[in-house]
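Encoded as structure tokens, the structure appears first; notes follow it.
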Amino acid sequence: MNKTDSSLLQAISDLHEIPAGAYNIRKNGEGHSRRSTANIEITTKEDKPGIDITVAPGTKNESVHIPVIISESGINDLVYNDFYIGDNADVLIVAGCGIHNAGDEKSQHDGIHRFHIGKNSKIKYVEKHYGEGEGTGDRVLNPTTEIYMDENSFCEMESVQIKGVDSTLREMKAHLKSGAKLVITERLMTHGKQSARSNVEINLDGDDSSAQIISRSVAKDESVQVFYPRAVGNAPCRAHVQCDSIIMDNAKVRSIPEIAANNEFAQIVHEAAIGRVNNDQLIKLQTFGMTEEEAEEIIVQCFLK
Amino acid sequence: MLELRNICFSVDDTAKGTLGILNGISLEIPDKTFTVITGPNGGGKSTLAKIIMGIEKPTSGSIIFDGTDITDMSVSERAKLGIGYAFQQPPRFKGLTVRQLLSLAHGNELPVDECCAYLTNVGLCSKNYLNRDVDSSLSGGEVKRVEIATLMARNLKLSIYDEPEAGIDLWSFAMLIESFKTSIRNTANSVIIISHQERIMQLADKLVVVADGKIRSQGTKEEIFPQLMGEFDPGCDFRGGA
């Protein structure tokens with residue numbers, strides 16, 4: 001692994017070196033290195049590019065890292081990753097993709113992730129997307145996520161895209177059985193001429209299932225963002241959708257939260273707001289001696305924290 | 001020392017034309033004094049505080065601070081000279097913790113025990129608050145007390161509090177009074193408090209009554225306080241001009 005690879009790896013997964021526990025590192029469209037553990041098995045798919053990650057029932061306090069790095073220009077990488085989480089497990093999954101595009105050809109990674117979460121299992125999934133490179137080639141990331149949650153499972157998904165991705169189309173779909181709980185936190189910043197679209201559909205199919213979607217974004221320069229979160233209540237359930245965007249410069253933001261109830265006992269709430277950085281916040285920080293620009297940077301940083 | 005010279009501030013109102021909010025205010029705030037500005041709602045007190053901090057610019061007049069004309073200085077330039085201002089209605093910040101806000105106020109990372117001391121001074125049980133966001137999950141009174149703590153965390157020559165008692169419960173208020181007393185004793189600097197609270201007025205070296213955009217009277221609390229009580233009698237013009 002060279003310097004660029006290491007710095008990409010650090011940007012997307014806070015890793016300085018090969019992680020402890022199970023991992024699979026994919027580089028420029030090919031498997032780079034891998035380790036399975038007694039409880040977490042990673043195998044290559046036979047019919048299409050990608051891996052199967054199988055977590056044995058009852059696995060506790062283990063982690064699996066599956067970062068993807070692209071350091072060549074002109075790579076078009078499509079990968080299917082399926083997670084089979086056994087019952088009563090508790091694991092951390094760290095994914096993410098970093099692109100360093102020094103050339104003038106487009107580099108693209110489309111990760112299709114499918115999660116099958118067993119009964120009473122608990123997972124935390126963290127996904128960071130990051131792009132860099134002095135080339136003119138676009139850096140494109142189109143993640144698709146499907147989540148199937150069995151009874152009383154819990155899943156916390158955290159996705160972050162803070163810098164350098166020119167175009168992203170994020171698709172997420174989830175089905176929740178009885179007592180399952182899903183919490184999605186999405187943080188996004190776009191700048192320059194970047195565009196980002198996020199479509200999320202949560203189907204609350206089982207009794208007492210619940211979901212929370214929190215989306216925070218900052219759109220700068222000429223960038224464009226579209227959010228389309230949907231919560232569909234098909235049973236007695238609870239869901240809360242919250243989209244909050246700060247808009248700056250000549251950016252454009254569309255937010256279309258949709259809630260649907262197909263059951264008398266479904267309780268679904270949505271909130272959405274788009275606005276500039278609050279003037280009182282700016283003044284408050286200026287009364288500490290900061291310039292307006294410094295104040296703005298802190299407000300944005302905290303908002304996306 | 002802070003000196004306000006003939007400060008006027010007016011706004012353009014579509015219905016009424018030019019509306020004078022402050023009409024020629026001249027005031028001296030000497031060093032090491034505790035000044036309470038009081039007066040009826042809408043009389044111009046908060047505008048005056050904002051003009052001292054630089055949040056509003058006077059239409060005419062000048063502001064001299066320690067011999068320097070600061071009339072055209074920005075908010076952050078004035079902050080660097082040692083002027084601080086606690087908002088009557090403080091803004092909330094998503095994702096910013098109480099500890100971070102206090103550290104930003106202080107200028108660098110504050111150790112936990114110092115943060116706790118500032119929070120205790122304003123009646124907040126510090127352990128419960130340090131890592132909480134200063135967002136809508138805090139009540140109005142909690143945000144207000146955090147706001148006051150941000151001023152106490154700074155090293156200021158002039159602190160301005162705009163109605164610090166507003167929204168604060170009786171128990172915390174008593175704590176706050178004690179903190180103000182201590183801060184007056186411990187600091188070589190000046191404090192201006194805009195307040196309607198008798199207990200805060202009782203701390204004052206100097207009381208200033210602002211009404212209709214003018215200074216109606218000023219002096220020691222012994223001189224002003226009895227007049228003020230008289231003005232609250234029914235039938236007086238304190239409640240609306242005329």
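Within each chain, counting starts at residue 1; across the structure tokens, chains are named A, B, ... in the order shown, with ligands numbered 1 upward in that order.
If we count only C-alpha atoms, these residues of chain A sit within 6 Å of chain B: Asp280, Gln281, Gln286, Thr287, Phe288, Gly289, Met290, Cys302 and Phe303 of chain A.
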Save the residues we just selected, N, CA and C atoms, as a compact mmCIF listing (two decimals), in the first residue's frame?
```txt
# COMPACT_ATOMS: atom_id res chain seq x y z
N ASP A 280 -28.14 35.25 13.83
CA ASP A 280 -27.84 35.38 15.26
C ASP A 280 -26.68 34.47 15.68
N GLN A 281 -26.62 33.28 15.06
CA GLN A 281 -25.50 32.38 15.35
C GLN A 281 -24.18 33.03 14.92
N GLN A 286 -19.25 35.97 16.48
CA GLN A 286 -18.44 37.18 16.27
C GLN A 286 -18.21 37.93 17.58
N THR A 287 -19.18 37.82 18.51
CA THR A 287 -18.97 38.47 19.82
C THR A 287 -17.88 37.77 20.62
N PHE A 288 -17.41 36.61 20.12
CA PHE A 288 -16.23 35.96 20.74
C PHE A 288 -14.95 36.40 20.06
N GLY A 289 -15.07 37.27 19.04
CA GLY A 289 -13.89 37.77 18.35
C GLY A 289 -13.59 37.09 17.02
N MET A 290 -14.51 36.21 16.58
CA MET A 290 -14.27 35.54 15.28
C MET A 290 -14.73 36.44 14.15
N CYS A 302 -20.03 22.03 12.95
CA CYS A 302 -20.82 21.45 14.04
C CYS A 302 -22.11 20.85 13.50
N PHE A 303 -22.72 21.54 12.58
CA PHE A 303 -23.97 21.08 11.98
C PHE A 303 -23.80 19.70 11.35
```
Give me, please, the distance in Å between atom CA of Leu119 of chain B and atom CA of Leu176 of chain B, quoted to one decimal.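 Between these atoms lies a distance of 10.5 Å.
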So how many Å separate atom CA of Thr190 of chain A and atom CA of Met248 of chain A, to one decimal?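 Pair atom CA of Thr190 of chain A / atom CA of Met248 of chain A returns 10.4 Å.
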Residue neighbourhood Thr182 of chain B, 12 Å, only C-alpha atoms, exclusion window fewer than 6 positions, as a PyMOL selection string: chain B and resi 34+121-122+152+175-176+188+203
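Every residue of segment 65-284 of chain A found in alpha helix (DSSP H) when DSSP is run on the backbone appears here: Asn279, Asp280, Gln281, Leu282, Ile283 and Lys284 of chain A.
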Take the residues from that selection and put them in a file with N, CA and C atoms, as an mmCIF file, in the first residue's frame.
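Below you can see again13.cif, which holds the result:
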```
data_model
loop_
_atom_site.group_PDB
_atom_site.id
_atom_site.type_symbol
_atom_site.label_atom_id
_atom_site.label_comp_id
_atom_site.auth_asym_id
_atom_site.auth_seq_id
_atom_site.Cartn_x
_atom_site.Cartn_y
_atom_site.Cartn_z
ATOM 1 N N ASN A 279 -28.356 34.180 11.217
ATOM 2 C CA ASN A 279 -27.613 35.416 11.461
ATOM 3 C C ASN A 279 -27.228 35.609 12.928
ATOM 4 N N ASP A 280 -28.138 35.247 13.833
ATOM 5 C CA ASP A 280 -27.839 35.381 15.265
ATOM 6 C C ASP A 280 -26.679 34.473 15.676
ATOM 7 N N GLN A 281 -26.621 33.282 15.063
ATOM 8 C CA GLN A 281 -25.500 32.377 15.352
ATOM 9 C C GLN A 281 -24.185 33.027 14.925
ATOM 10 N N LEU A 282 -24.202 33.622 13.726
ATOM 11 C CA LEU A 282 -22.989 34.280 13.223
ATOM 12 C C LEU A 282 -22.559 35.404 14.166
ATOM 13 N N ILE A 283 -23.544 36.215 14.581
ATOM 14 C CA ILE A 283 -23.217 37.360 15.456
ATOM 15 C C ILE A 283 -22.704 36.870 16.802
ATOM 16 N N LYS A 284 -23.371 35.816 17.313
ATOM 17 C CA LYS A 284 -22.945 35.295 18.623
ATOM 18 C C LYS A 284 -21.457 34.918 18.593
#
```
Applying 7 Å and only C-alpha atoms, which residues near Val191 of chain B remain after dropping the ones on its own chain fewer than 5 positions away? List them as a PyMOL selection string. chain B and resi 33-35+158-160
Any chance you could export the current selection's N, CA and C atoms as a short mmCIF file (atom, residue, chain, number, x, y, z; two decimals), in the first residue's frame?
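Output (selection35.cif):
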```cif
data_model
loop_
_atom_site.label_atom_id
_atom_site.label_comp_id
_atom_site.auth_asym_id
_atom_site.auth_seq_id
_atom_site.Cartn_x
_atom_site.Cartn_y
_atom_site.Cartn_z
N THR B 33 -17.26 49.60 37.43
CA THR B 33 -18.60 49.90 37.94
C THR B 33 -19.61 48.88 37.43
N PHE B 34 -20.66 48.78 38.20
CA PHE B 34 -21.75 47.88 37.88
C PHE B 34 -22.96 48.75 37.57
N THR B 35 -23.32 48.82 36.30
CA THR B 35 -24.39 49.71 35.87
C THR B 35 -25.61 48.90 35.48
N LEU B 158 -15.52 44.83 29.53
CA LEU B 158 -16.90 45.31 29.65
C LEU B 158 -17.86 44.18 29.27
N SER B 159 -18.67 43.76 30.23
CA SER B 159 -19.66 42.71 29.96
C SER B 159 -21.05 43.33 29.92
N ILE B 160 -21.81 42.98 28.89
CA ILE B 160 -23.17 43.50 28.78
C ILE B 160 -24.14 42.33 28.81
#
```
Neighbours of Arg114 of chain A within 9 Å (only C-alpha atoms; same-chain residues fewer than 3 positions away dropped), as a ChimeraX atom specification? /A:80-84,144-148
Keeping only C-alpha atoms, write the selected residues to a file as a PDB file, in the first residue's frame.
```pdb
ATOM      1  CA  TYR A  80     -22.107  -6.525  -4.701  1.00  0.00           C
ATOM      2  CA  ASN A  81     -21.605  -7.044  -0.988  1.00  0.00           C
ATOM      3  CA  ASP A  82     -24.060  -9.153   0.979  1.00  0.00           C
ATOM      4  CA  PHE A  83     -24.101  -9.245   4.749  1.00  0.00           C
ATOM      5  CA  TYR A  84     -25.694 -12.169   6.536  1.00  0.00           C
ATOM      6  CA  THR A 144     -27.272   1.230  -3.085  1.00  0.00           C
ATOM      7  CA  THR A 145     -28.277  -0.251   0.241  1.00  0.00           C
ATOM      8  CA  GLU A 146     -30.983  -2.778   0.978  1.00  0.00           C
ATOM      9  CA  ILE A 147     -31.757  -3.704   4.566  1.00  0.00           C
ATOM     10  CA  TYR A 148     -33.897  -6.598   5.722  1.00  0.00           C
TER      11      TYR A 148
END
```
Would you mind writing down, as a compact mmCIF listing (two decimals) with N, CA and C atoms, in the first residue's frame, each residue of segment 10-241 of chain B that DSSP on the backbone assigns to strand (DSSP E)?
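Result written to selection_28.txt:
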```txt
# COMPACT_ATOMS: atom_id res chain seq x y z
N SER B 10 -32.18 55.34 14.23
CA SER B 10 -33.54 55.36 13.70
C SER B 10 -33.69 54.29 12.63
N VAL B 11 -34.93 53.87 12.43
CA VAL B 11 -35.22 52.89 11.37
C VAL B 11 -36.29 53.47 10.46
N ASP B 12 -36.29 52.99 9.21
CA ASP B 12 -37.32 53.43 8.28
C ASP B 12 -38.52 52.52 8.40
N ASP B 13 -39.65 53.13 8.68
CA ASP B 13 -40.89 52.38 8.83
C ASP B 13 -41.83 52.79 7.69
N GLY B 17 -42.87 56.41 8.48
CA GLY B 17 -41.68 57.17 8.07
C GLY B 17 -40.50 56.80 8.95
N THR B 18 -39.63 57.75 9.22
CA THR B 18 -38.46 57.46 10.04
C THR B 18 -38.85 57.40 11.51
N LEU B 19 -38.42 56.31 12.15
CA LEU B 19 -38.81 56.08 13.55
C LEU B 19 -37.56 56.17 14.42
N GLY B 20 -37.55 57.09 15.35
CA GLY B 20 -36.39 57.24 16.22
C GLY B 20 -36.45 56.24 17.37
N ILE B 21 -35.45 55.34 17.44
CA ILE B 21 -35.42 54.36 18.54
C ILE B 21 -34.58 54.92 19.68
N LEU B 22 -33.42 55.48 19.34
CA LEU B 22 -32.60 56.17 20.34
C LEU B 22 -32.44 57.61 19.89
N ASN B 23 -32.71 58.53 20.81
CA ASN B 23 -32.74 59.95 20.43
C ASN B 23 -31.75 60.76 21.24
N GLY B 24 -30.48 60.60 20.96
CA GLY B 24 -29.48 61.43 21.62
C GLY B 24 -29.10 60.93 23.00
N ILE B 25 -28.50 59.74 23.04
CA ILE B 25 -28.10 59.19 24.35
C ILE B 25 -26.62 59.48 24.62
N SER B 26 -26.35 60.13 25.71
CA SER B 26 -24.96 60.35 26.13
C SER B 26 -24.81 59.74 27.52
N LEU B 27 -23.76 58.92 27.66
CA LEU B 27 -23.63 58.15 28.90
C LEU B 27 -22.17 57.79 29.12
N GLU B 28 -21.76 57.83 30.38
CA GLU B 28 -20.41 57.39 30.71
C GLU B 28 -20.48 56.17 31.61
N ILE B 29 -19.73 55.14 31.26
CA ILE B 29 -19.62 53.96 32.12
C ILE B 29 -18.17 53.89 32.58
N PHE B 34 -20.66 48.78 38.20
CA PHE B 34 -21.75 47.88 37.88
C PHE B 34 -22.96 48.75 37.57
N THR B 35 -23.32 48.82 36.30
CA THR B 35 -24.39 49.71 35.87
C THR B 35 -25.61 48.90 35.48
N VAL B 36 -26.76 49.28 35.99
CA VAL B 36 -28.00 48.63 35.56
C VAL B 36 -28.81 49.63 34.76
N ILE B 37 -29.17 49.22 33.54
CA ILE B 37 -30.03 50.05 32.70
C ILE B 37 -31.43 49.47 32.78
N THR B 38 -32.38 50.31 33.15
CA THR B 38 -33.75 49.83 33.26
C THR B 38 -34.68 50.79 32.53
N SER B 60 -26.25 58.33 14.17
CA SER B 60 -25.27 59.39 14.43
C SER B 60 -24.77 59.26 15.86
N GLY B 61 -23.71 60.00 16.16
CA GLY B 61 -23.11 59.91 17.49
C GLY B 61 -21.86 59.04 17.46
N SER B 62 -21.14 59.03 18.59
CA SER B 62 -19.93 58.23 18.61
C SER B 62 -19.77 57.46 19.92
N ILE B 63 -18.98 56.39 19.82
CA ILE B 63 -18.74 55.52 20.97
C ILE B 63 -17.23 55.48 21.21
N ILE B 64 -16.83 55.85 22.42
CA ILE B 64 -15.41 55.86 22.76
C ILE B 64 -15.18 54.81 23.85
N PHE B 65 -14.21 53.92 23.59
CA PHE B 65 -13.90 52.87 24.59
C PHE B 65 -12.43 52.95 24.92
N THR B 68 -10.45 55.09 22.61
CA THR B 68 -10.46 54.80 21.16
C THR B 68 -11.88 54.95 20.62
N ASP B 69 -11.99 55.61 19.47
CA ASP B 69 -13.30 55.72 18.83
C ASP B 69 -13.62 54.38 18.16
N ILE B 83 -14.95 43.59 24.83
CA ILE B 83 -16.38 43.84 25.08
C ILE B 83 -17.14 42.55 24.80
N GLY B 84 -18.06 42.20 25.68
CA GLY B 84 -18.84 40.98 25.50
C GLY B 84 -20.31 41.25 25.72
N TYR B 85 -21.14 40.43 25.10
CA TYR B 85 -22.58 40.68 25.12
C TYR B 85 -23.35 39.37 25.25
N ALA B 86 -24.23 39.30 26.23
CA ALA B 86 -25.08 38.11 26.36
C ALA B 86 -26.47 38.45 25.83
N LEU B 158 -15.52 44.83 29.53
CA LEU B 158 -16.90 45.31 29.65
C LEU B 158 -17.86 44.18 29.27
N SER B 159 -18.67 43.76 30.23
CA SER B 159 -19.66 42.71 29.96
C SER B 159 -21.05 43.33 29.92
N ILE B 160 -21.81 42.98 28.89
CA ILE B 160 -23.17 43.50 28.78
C ILE B 160 -24.14 42.33 28.81
N TYR B 161 -25.06 42.34 29.76
CA TYR B 161 -26.07 41.28 29.85
C TYR B 161 -27.44 41.88 29.55
N ASP B 162 -28.11 41.32 28.56
CA ASP B 162 -29.44 41.83 28.23
C ASP B 162 -30.50 40.97 28.90
N SER B 190 -15.93 46.46 34.02
CA SER B 190 -17.28 47.00 34.15
C SER B 190 -18.32 46.02 33.66
N VAL B 191 -19.48 46.12 34.29
CA VAL B 191 -20.61 45.29 33.89
C VAL B 191 -21.81 46.19 33.65
N ILE B 192 -22.48 45.94 32.50
CA ILE B 192 -23.75 46.63 32.26
C ILE B 192 -24.82 45.55 32.20
N ILE B 193 -25.86 45.72 33.00
CA ILE B 193 -26.96 44.76 32.94
C ILE B 193 -28.25 45.49 32.62
N ILE B 194 -28.94 45.01 31.62
CA ILE B 194 -30.27 45.53 31.36
C ILE B 194 -31.22 44.66 32.15
N LYS B 206 -24.52 52.20 39.68
CA LYS B 206 -25.15 53.26 38.91
C LYS B 206 -26.41 52.73 38.25
N LEU B 207 -27.48 53.50 38.34
CA LEU B 207 -28.75 53.10 37.70
C LEU B 207 -29.06 54.11 36.60
N VAL B 208 -29.43 53.60 35.45
CA VAL B 208 -29.77 54.47 34.32
C VAL B 208 -31.17 54.09 33.86
N VAL B 209 -32.04 55.07 33.74
CA VAL B 209 -33.39 54.79 33.27
C VAL B 209 -33.51 55.28 31.83
N VAL B 210 -33.80 54.35 30.92
CA VAL B 210 -33.96 54.70 29.51
C VAL B 210 -35.43 54.54 29.15
N ALA B 211 -36.01 55.60 28.57
CA ALA B 211 -37.40 55.54 28.12
C ALA B 211 -37.54 56.43 26.89
N LYS B 214 -34.44 57.89 25.24
CA LYS B 214 -33.61 58.90 25.91
C LYS B 214 -33.27 58.43 27.32
N ILE B 215 -32.27 59.08 27.90
CA ILE B 215 -32.01 58.80 29.30
C ILE B 215 -32.91 59.68 30.13
N ARG B 216 -33.79 59.03 30.87
CA ARG B 216 -34.72 59.80 31.69
C ARG B 216 -34.03 60.27 32.97
N SER B 217 -33.26 59.38 33.55
CA SER B 217 -32.51 59.79 34.74
C SER B 217 -31.37 58.83 34.96
N GLN B 218 -30.34 59.27 35.67
CA GLN B 218 -29.26 58.37 36.05
C GLN B 218 -28.62 58.85 37.34
N GLY B 219 -28.07 57.93 38.07
CA GLY B 219 -27.44 58.28 39.34
C GLY B 219 -27.20 57.03 40.16
```
Show which residues sit within 9 Å of Lys27 of chain A, as number ranges by chain. Count only C-alpha atoms, and ignore same-chain residues fewer than 6 positions away. A: 5, 33, 67-71
